[in-house]
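Participant: The following file, protein.txt, comprises compact mmCIF, C-alpha atoms:
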# COMPACT_ATOMS: atom_id res chain seq x y z
CA MET J 304 25.58 -16.14 -10.89
CA VAL J 305 24.25 -12.83 -12.14
CA ARG J 306 25.68 -9.86 -10.34
CA MET J 307 25.78 -6.27 -11.45
CA SER J 308 28.76 -4.33 -10.21
CA SER J 309 26.55 -1.45 -9.12
CA PHE J 310 24.72 -3.60 -6.56
CA SER J 311 25.09 -2.82 -2.88
CA GLU J 312 26.14 -5.66 -0.59
CA GLU J 313 22.50 -6.25 0.38
CA GLN J 314 21.31 -6.21 -3.21
CA ALA J 315 24.03 -8.70 -4.11
CA LEU J 316 22.79 -11.07 -1.39
CA VAL J 317 19.26 -10.87 -2.78
CA ALA J 318 20.59 -11.38 -6.31
CA ASP J 319 22.46 -14.46 -5.05
CA SER J 320 19.23 -15.87 -3.60
CA ASN J 321 17.57 -15.17 -6.93
CA SER J 322 20.32 -17.12 -8.72
CA ALA J 323 19.97 -19.95 -6.17
CA PHE J 324 16.27 -20.20 -7.05
CA TYR J 325 17.06 -20.70 -10.76
CA ARG J 326 19.85 -23.20 -9.97
CA ALA J 327 17.35 -25.13 -7.80
CA PHE J 328 14.84 -25.11 -10.66
CA GLU J 329 17.50 -26.38 -13.06
CA SER J 330 18.44 -29.17 -10.64
CA LEU J 331 14.84 -30.51 -10.81
CA ASP J 332 15.43 -31.51 -7.17
CA MET J 333 12.53 -30.70 -4.86
CA GLU J 334 14.74 -30.59 -1.78
CA ARG J 335 16.83 -27.84 -3.35
CA MET J 336 13.69 -26.00 -4.46
CA GLU J 337 12.17 -26.18 -0.97
CA ALA J 338 15.44 -24.89 0.52
CA VAL J 339 15.29 -21.57 -1.34
CA TRP J 340 11.74 -20.77 -0.16
CA LEU J 341 10.69 -19.32 3.19
CA ARG J 342 8.80 -22.04 5.04
CA THR J 343 5.54 -20.17 5.64
CA ASP J 344 2.00 -20.27 4.34
CA ASP J 345 2.49 -16.71 3.11
CA VAL J 346 4.38 -18.08 0.08
CA LYS J 347 2.67 -17.52 -3.26
CA CYS J 348 3.46 -18.37 -6.84
CA ILE J 349 2.15 -17.48 -10.30
CA HIS J 350 3.53 -19.71 -13.05
CA PRO J 351 3.17 -18.41 -16.63
CA GLY J 352 -0.54 -18.45 -17.49
CA TRP J 353 -1.55 -20.12 -14.21
CA GLU J 354 -3.74 -18.79 -11.48
CA LEU J 355 -2.27 -17.64 -8.16
CA LEU J 356 -1.13 -20.44 -5.88
CA SER J 357 -1.12 -19.61 -2.20
CA GLY J 358 0.41 -21.49 0.73
CA TRP J 359 3.34 -23.88 1.17
CA ASP J 360 1.64 -27.09 0.01
CA PRO J 361 0.00 -25.75 -3.19
CA VAL J 362 3.18 -23.92 -4.19
CA MET J 363 5.44 -26.93 -3.59
CA GLN J 364 2.99 -29.33 -5.27
CA SER J 365 3.13 -27.10 -8.36
CA TRP J 366 6.93 -27.29 -8.44
CA ALA J 367 6.82 -31.05 -8.01
CA LEU J 368 4.38 -31.26 -10.94
CA ILE J 369 6.50 -29.00 -13.14
CA MET J 370 9.72 -30.81 -12.27
CA ARG J 371 8.19 -34.24 -12.89
CA ASN J 372 7.21 -33.05 -16.37
CA THR J 373 10.53 -31.40 -17.21
CA GLN J 374 13.42 -33.40 -18.63
CA ARG J 375 15.90 -30.56 -18.42
CA ILE J 376 15.80 -26.80 -18.21
CA ARG J 377 18.36 -24.03 -18.03
CA PHE J 378 18.01 -20.32 -17.39
CA GLU J 379 20.04 -17.34 -18.45
CA LEU J 380 18.97 -14.11 -16.80
CA GLN J 381 19.06 -10.64 -18.29
CA ASP J 382 18.19 -7.19 -16.94
CA VAL J 383 18.33 -8.27 -13.31
CA ALA J 384 16.98 -5.43 -11.15
CA VAL J 385 17.10 -5.61 -7.36
CA VAL J 386 15.49 -3.36 -4.74
CA VAL J 387 15.87 -3.96 -1.01
CA ASN J 388 13.69 -2.27 1.60
CA GLY J 389 14.09 -3.43 5.20
CA GLY J 390 13.66 -7.18 5.37
CA ILE J 391 12.07 -7.46 1.93
CA GLY J 392 13.88 -7.55 -1.39
CA TRP J 393 12.50 -7.93 -4.88
CA VAL J 394 14.03 -8.87 -8.18
CA GLU J 395 12.76 -8.45 -11.69
CA CYS J 396 14.51 -10.26 -14.49
CA LEU J 397 14.11 -11.52 -18.02
CA GLU J 398 14.38 -15.30 -18.14
CA HIS J 399 15.89 -16.90 -21.24
CA ILE J 400 14.75 -20.50 -20.97
CA PHE J 401 16.87 -23.17 -22.66
CA ASP J 402 16.53 -26.86 -23.36
CA GLY J 403 20.20 -27.68 -23.71
CA ASP J 404 21.48 -25.02 -26.08
CA THR J 405 18.09 -24.31 -27.65
CA LEU J 406 16.21 -21.21 -26.53
CA VAL J 407 12.67 -22.45 -25.88
CA GLY J 408 11.06 -19.48 -24.19
CA LEU J 409 11.24 -16.02 -22.73
CA ALA J 410 9.57 -14.95 -19.52
CA VAL J 411 9.65 -11.97 -17.20
CA ALA J 412 9.70 -12.61 -13.48
CA THR J 413 9.07 -10.77 -10.26
CA ASN J 414 10.72 -12.60 -7.37
CA LEU J 415 10.16 -11.48 -3.79
CA PHE J 416 12.47 -12.44 -0.95
CA GLN J 417 12.19 -12.10 2.81
CA GLN J 418 15.18 -12.10 5.15
CA ASN J 419 14.85 -14.76 7.83
CA ALA J 420 16.22 -14.67 11.39
CA ASP J 421 19.59 -16.03 10.21
CA GLY J 422 19.96 -13.21 7.69
CA ARG J 423 19.29 -15.47 4.69
CA TRP J 424 17.09 -14.15 1.90
CA LEU J 425 14.40 -16.70 1.04
CA MET J 426 11.78 -16.60 -1.67
CA ILE J 427 8.26 -15.69 -0.61
CA HIS J 428 6.66 -14.98 -4.00
CA HIS J 429 7.46 -15.88 -7.61
CA HIS J 430 5.52 -14.44 -10.53
CA ALA J 431 6.66 -15.46 -14.00
CA SER J 432 4.81 -14.58 -17.16
CA PRO J 433 5.24 -14.84 -20.91
CA PHE J 434 7.37 -12.21 -22.56
CA THR J 435 6.09 -11.52 -26.03
CA ARG J 436 7.58 -8.31 -27.33
CA ARG J 437 10.09 -5.58 -27.02
CA LEU J 438 8.51 -2.19 -26.74
CA PRO J 439 8.15 -0.03 -29.86
CA MET C 873 -13.39 -1.53 -2.92
CA VAL C 874 -12.33 -5.09 -2.34
CA ARG C 875 -11.84 -5.97 1.29
CA MET C 876 -11.79 -9.36 2.90
CA SER C 877 -13.10 -9.42 6.44
CA SER C 878 -10.06 -11.37 7.61
CA PHE C 879 -7.66 -8.55 6.73
CA SER C 880 -5.77 -6.80 9.50
CA GLU C 881 -5.99 -3.01 9.63
CA GLU C 882 -2.63 -2.75 7.81
CA GLN C 883 -3.63 -5.25 5.15
CA ALA C 884 -6.86 -3.33 4.60
CA LEU C 885 -4.89 -0.12 4.00
CA VAL C 886 -2.75 -1.88 1.39
CA ALA C 887 -5.88 -3.39 -0.18
CA ASP C 888 -7.36 0.13 -0.33
CA SER C 889 -4.26 1.39 -2.15
CA ASN C 890 -4.59 -1.54 -4.52
CA SER C 891 -8.20 -0.57 -5.23
CA ALA C 892 -7.14 3.05 -5.71
CA PHE C 893 -4.69 1.92 -8.39
CA TYR C 894 -7.47 0.19 -10.36
CA ARG C 895 -9.83 3.17 -9.92
CA ALA C 896 -7.04 5.43 -11.25
CA PHE C 897 -6.57 3.11 -14.24
CA GLU C 898 -10.32 3.19 -14.92
CA SER C 899 -10.34 6.99 -14.74
CA LEU C 900 -7.84 7.14 -17.64
CA ASP C 901 -6.53 10.25 -15.87
CA MET C 902 -2.73 10.42 -15.65
CA GLU C 903 -2.81 12.72 -12.62
CA ARG C 904 -4.76 10.11 -10.69
CA MET C 905 -2.44 7.36 -11.90
CA GLU C 906 0.66 9.31 -10.87
CA ALA C 907 -0.88 9.95 -7.45
CA VAL C 908 -1.07 6.25 -6.54
CA TRP C 909 2.62 5.61 -7.32
CA LEU C 910 5.62 6.35 -5.11
CA ARG C 911 7.58 9.14 -6.77
CA THR C 912 10.93 7.39 -7.08
CA ASP C 913 13.06 5.91 -9.82
CA ASP C 914 12.76 2.56 -8.05
CA VAL C 915 9.28 2.14 -9.59
CA LYS C 916 8.94 -0.70 -12.05
CA CYS C 917 6.18 -2.09 -14.18
CA ILE C 918 5.52 -5.17 -16.31
CA HIS C 919 2.41 -4.88 -18.49
CA PRO C 920 1.01 -8.14 -19.91
CA GLY C 921 3.53 -9.44 -22.44
CA TRP C 922 5.77 -6.37 -22.18
CA GLU C 923 9.34 -6.19 -21.00
CA LEU C 924 10.23 -4.70 -17.63
CA LEU C 925 9.96 -0.92 -17.42
CA SER C 926 12.15 0.72 -14.83
CA GLY C 927 12.12 4.28 -13.49
CA TRP C 928 9.47 6.98 -13.10
CA ASP C 929 9.51 8.34 -16.66
CA PRO C 930 9.38 5.01 -18.56
CA VAL C 931 6.66 3.69 -16.25
CA MET C 932 4.50 6.83 -16.52
CA GLN C 933 5.04 7.08 -20.28
CA SER C 934 3.71 3.52 -20.58
CA TRP C 935 0.57 4.43 -18.66
CA ALA C 936 0.08 7.53 -20.79
CA LEU C 937 0.39 5.37 -23.93
CA ILE C 938 -2.05 2.76 -22.61
CA MET C 939 -4.56 5.35 -21.47
CA ARG C 940 -4.41 7.25 -24.77
CA ASN C 941 -5.27 4.00 -26.53
CA THR C 942 -8.07 2.95 -24.19
CA GLN C 943 -11.61 4.23 -24.62
CA ARG C 944 -12.90 2.74 -21.40
CA ILE C 945 -11.86 -0.02 -19.02
CA ARG C 946 -13.23 -1.46 -15.81
CA PHE C 947 -11.79 -3.97 -13.36
CA GLU C 948 -13.38 -6.44 -11.01
CA LEU C 949 -10.90 -8.12 -8.69
CA GLN C 950 -11.05 -11.64 -7.35
CA ASP C 951 -8.86 -13.62 -4.95
CA VAL C 952 -7.21 -10.53 -3.47
CA ALA C 953 -4.32 -11.66 -1.24
CA VAL C 954 -2.37 -9.16 0.85
CA VAL C 955 0.84 -9.59 2.84
CA VAL C 956 2.45 -6.76 4.80
CA ASN C 957 6.00 -6.91 6.13
CA GLY C 958 7.42 -3.73 7.66
CA GLY C 959 7.05 -0.87 5.21
CA ILE C 960 6.38 -3.12 2.23
CA GLY C 961 3.09 -4.71 1.27
CA TRP C 962 2.19 -6.85 -1.68
CA VAL C 963 -1.05 -7.84 -3.29
CA GLU C 964 -1.86 -10.60 -5.72
CA CYS C 965 -5.20 -10.57 -7.45
CA LEU C 966 -7.08 -11.88 -10.45
CA GLU C 967 -8.20 -9.02 -12.70
CA HIS C 968 -11.46 -9.39 -14.61
CA ILE C 969 -11.17 -6.74 -17.29
CA PHE C 970 -14.39 -5.28 -18.72
CA ASP C 971 -15.30 -3.00 -21.59
CA GLY C 972 -18.63 -1.80 -20.26
CA ASP C 973 -20.41 -5.00 -19.26
CA THR C 974 -18.36 -7.24 -21.57
CA LEU C 975 -15.56 -9.30 -20.07
CA VAL C 976 -12.61 -8.73 -22.42
CA GLY C 977 -9.72 -10.26 -20.51
CA LEU C 978 -8.33 -11.98 -17.46
CA ALA C 979 -4.99 -11.18 -15.90
CA VAL C 980 -3.13 -11.99 -12.72
CA ALA C 981 -1.26 -9.21 -10.98
CA THR C 982 1.41 -8.76 -8.37
CA ASN C 983 1.27 -5.23 -6.96
CA LEU C 984 3.91 -4.00 -4.56
CA PHE C 985 3.40 -1.03 -2.25
CA GLN C 986 5.76 0.96 -0.06
CA GLN C 987 4.63 3.05 2.90
CA ASN C 988 5.78 6.66 2.60
CA ALA C 989 6.65 9.06 5.43
CA ASP C 990 2.99 10.09 5.76
CA GLY C 991 1.92 6.48 6.28
CA ARG C 992 0.34 6.20 2.83
CA TRP C 993 0.86 3.00 0.84
CA LEU C 994 2.01 3.84 -2.68
CA MET C 995 2.66 1.53 -5.60
CA ILE C 996 6.29 0.74 -6.38
CA HIS C 997 5.88 -2.23 -8.74
CA HIS C 998 3.06 -3.59 -10.89
CA HIS C 999 3.33 -6.90 -12.73
CA ALA C 1000 0.28 -8.01 -14.69
CA SER C 1001 0.23 -11.03 -16.96
CA PRO C 1002 -2.23 -13.04 -19.02
CA PHE C 1003 -4.29 -15.60 -17.14
CA THR C 1004 -5.02 -18.54 -19.39
CA ARG C 1005 -6.24 -21.43 -17.35
CA ARG C 1006 -7.52 -22.79 -14.11
CA LEU C 1007 -5.37 -25.55 -12.75
CA PRO C 1008 -6.36 -29.17 -13.37
I need this file expressed as structure tokens, please.
Facilitator:
Amino acid sequence: MVRMSSFSEEQALVADSNSAFYRAFESLDMERMEAVWLRTDDVKCIHPGWELLSGWDPVMQSWALIMRNTQRIRFELQDVAVVVNGGIGWVECLEHIFDGDTLVGLAVATNLFQQNADGRWLMIHHHASPFTRRLP
Amino acid sequence: MVRMSSFSEEQALVADSNSAFYRAFESLDMERMEAVWLRTDDVKCIHPGWELLSGWDPVMQSWALIMRNTQRIRFELQDVAVVVNGGIGWVECLEHIFDGDTLVGLAVATNLFQQNADGRWLMIHHHASPFTRRLP
């Protein structure tokens, strides 16, 4: 779990939901992946290099495709930033993507969460993209 | 201005702010760019391939750098999706990037807007990334 000590209680809850998303991805288990998303057709997803996917079925079909074609994957997150405004929270983070102990990629992500009626923060948008360089 | 007829009044306002951001970028005028952003250190920005920039000064310095190094740029937007939830709205769109009449790039963007006290929707996060392929 990634948690920065300067997070408010609300930010920490959103950061926890963000961590739960990456743990679900690592599990390669569609039930766990579905459980971290808000069940609405407002969900959207942009995988690195892909076009925008919109709606529950297209987004979940993309995860099923990715998970079927992934043997194993592990994430370490860096620079996790969290903003909460009303019932919406968003996280930006730098994904270090590992196959076992081997770093195989870097990506930056914007993850958007909406608080549901039970108070849980569920993903409503994921945008990950290739990270190619540190700034000059 | 990009507006889909199925947008609610609120969605249309957010879509207008999204258009204003691209018009400001095209103007290569920092005053116009600053005017479309919420003046807070919560602003963040991910340019294609870049790392996350966080805070007013780093974000605006990046725009100044990009604009200084751009002779001209023009955007046509496709697949503009808008969701509004309370005082936060977000837009995903496919950017067709032109130099004059020549298409020079494609990018997908997630643009996040926050409504200020005057009711205006101002940008609080921009994440643009390379678009490389249509899905199979």
Participant: Taking all atoms listed in the file into account, which residues of chain C are within 10 Å of chain J, as a PyMOL selection string?
Facilitator: chain C and resi 914-926+934+951-955+957-962+964-966+979-982+984+986+997-1007
Participant: Neighbours of C:Leu910 within 7 Å (only C-alpha atoms; same-chain residues fewer than 5 positions away dropped), as a list in words?
Facilitator: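 Residues near the query, excluding close chain neighbours: Leu994, Met995 and Ile996 of chain C.
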Participant: I need every residue sitting at most 12 Å from the point (-16.1, -4.4, -22.3) (coordinates as in the file, all atoms listed in the file considered), written as a list in words.
Facilitator: Thr942, Gln943, Arg944, Ile945, Arg946, Phe947, Glu948, His968, Ile969, Phe970, Asp971, Gly972, Asp973, Thr974, Leu975, Val976, Gly977 and Leu978 of chain C
Participant: Compute the distance from (13.2, -26.8, -9.8) to each atom, counting only C-alpha atoms, keep the residues with any atom at most 10 Å away, and return them as a ChimeraX atom specification; use the coordinates of the file.
Facilitator: /J:324-337,363,366-371,373,375-376
Participant: For the residues in the current selection, export C-alpha atoms as a PDB file, in the coordinates of the input.
Facilitator:
ATOM      1  CA  PHE J 324      16.270 -20.200  -7.050  1.00  0.00           C
ATOM      2  CA  TYR J 325      17.060 -20.700 -10.760  1.00  0.00           C
ATOM      3  CA  ARG J 326      19.850 -23.200  -9.970  1.00  0.00           C
ATOM      4  CA  ALA J 327      17.350 -25.130  -7.800  1.00  0.00           C
ATOM      5  CA  PHE J 328      14.840 -25.110 -10.660  1.00  0.00           C
ATOM      6  CA  GLU J 329      17.500 -26.380 -13.060  1.00  0.00           C
ATOM      7  CA  SER J 330      18.440 -29.170 -10.640  1.00  0.00           C
ATOM      8  CA  LEU J 331      14.840 -30.510 -10.810  1.00  0.00           C
ATOM      9  CA  ASP J 332      15.430 -31.510  -7.170  1.00  0.00           C
ATOM     10  CA  MET J 333      12.530 -30.700  -4.860  1.00  0.00           C
ATOM     11  CA  GLU J 334      14.740 -30.590  -1.780  1.00  0.00           C
ATOM     12  CA  ARG J 335      16.830 -27.840  -3.350  1.00  0.00           C
ATOM     13  CA  MET J 336      13.690 -26.000  -4.460  1.00  0.00           C
ATOM     14  CA  GLU J 337      12.170 -26.180  -0.970  1.00  0.00           C
ATOM     15  CA  MET J 363       5.440 -26.930  -3.590  1.00  0.00           C
ATOM     16  CA  TRP J 366       6.930 -27.290  -8.440  1.00  0.00           C
ATOM     17  CA  ALA J 367       6.820 -31.050  -8.010  1.00  0.00           C
ATOM     18  CA  LEU J 368       4.380 -31.260 -10.940  1.00  0.00           C
ATOM     19  CA  ILE J 369       6.500 -29.000 -13.140  1.00  0.00           C
ATOM     20  CA  MET J 370       9.720 -30.810 -12.270  1.00  0.00           C
ATOM     21  CA  ARG J 371       8.190 -34.240 -12.890  1.00  0.00           C
ATOM     22  CA  THR J 373      10.530 -31.400 -17.210  1.00  0.00           C
ATOM     23  CA  ARG J 375      15.900 -30.560 -18.420  1.00  0.00           C
ATOM     24  CA  ILE J 376      15.800 -26.800 -18.210  1.00  0.00           C
TER      25      ILE J 376
END
Participant: In Å, how far is it from atom CA of J:Asn321 to atom CA of J:Gly422?
Facilitator: 14.9 Å
Participant: How far is it from atom CA of C:Asn988 to atom CA of J:Trp424, in Å with one decimal?
Facilitator: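 Interatomic distance, atom CA of C:Asn988 to atom CA of J:Trp424: 23.7 Å.
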Participant: Box for stretch 935-946 of chain C: with edges along x, y and z, all listed atoms inside and 3 Å added on each side, what are the centre and edge lengths in Å to one decimal, as JSON?
Facilitator:
{"center_x": -6.3, "center_y": 3.0, "center_z": -21.2, "size_x": 19.8, "size_y": 15.0, "size_z": 16.7}
Participant: With distances taken over only C-alpha atoms, which of J:Asp360, J:Ala323, J:Asp421, J:Glu313 is nearest to J:Val387?
Facilitator: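 When distances to J:Val387 are compared using only C-alpha atoms, the smallest one comes from J:Glu313.
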Participant: Mind pulling up the distance from atom CA of J:Gln364 to atom CA of J:Thr343?
Facilitator: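 Separation between atom CA of J:Thr343 and atom CA of J:Gln364: 14.5 Å.
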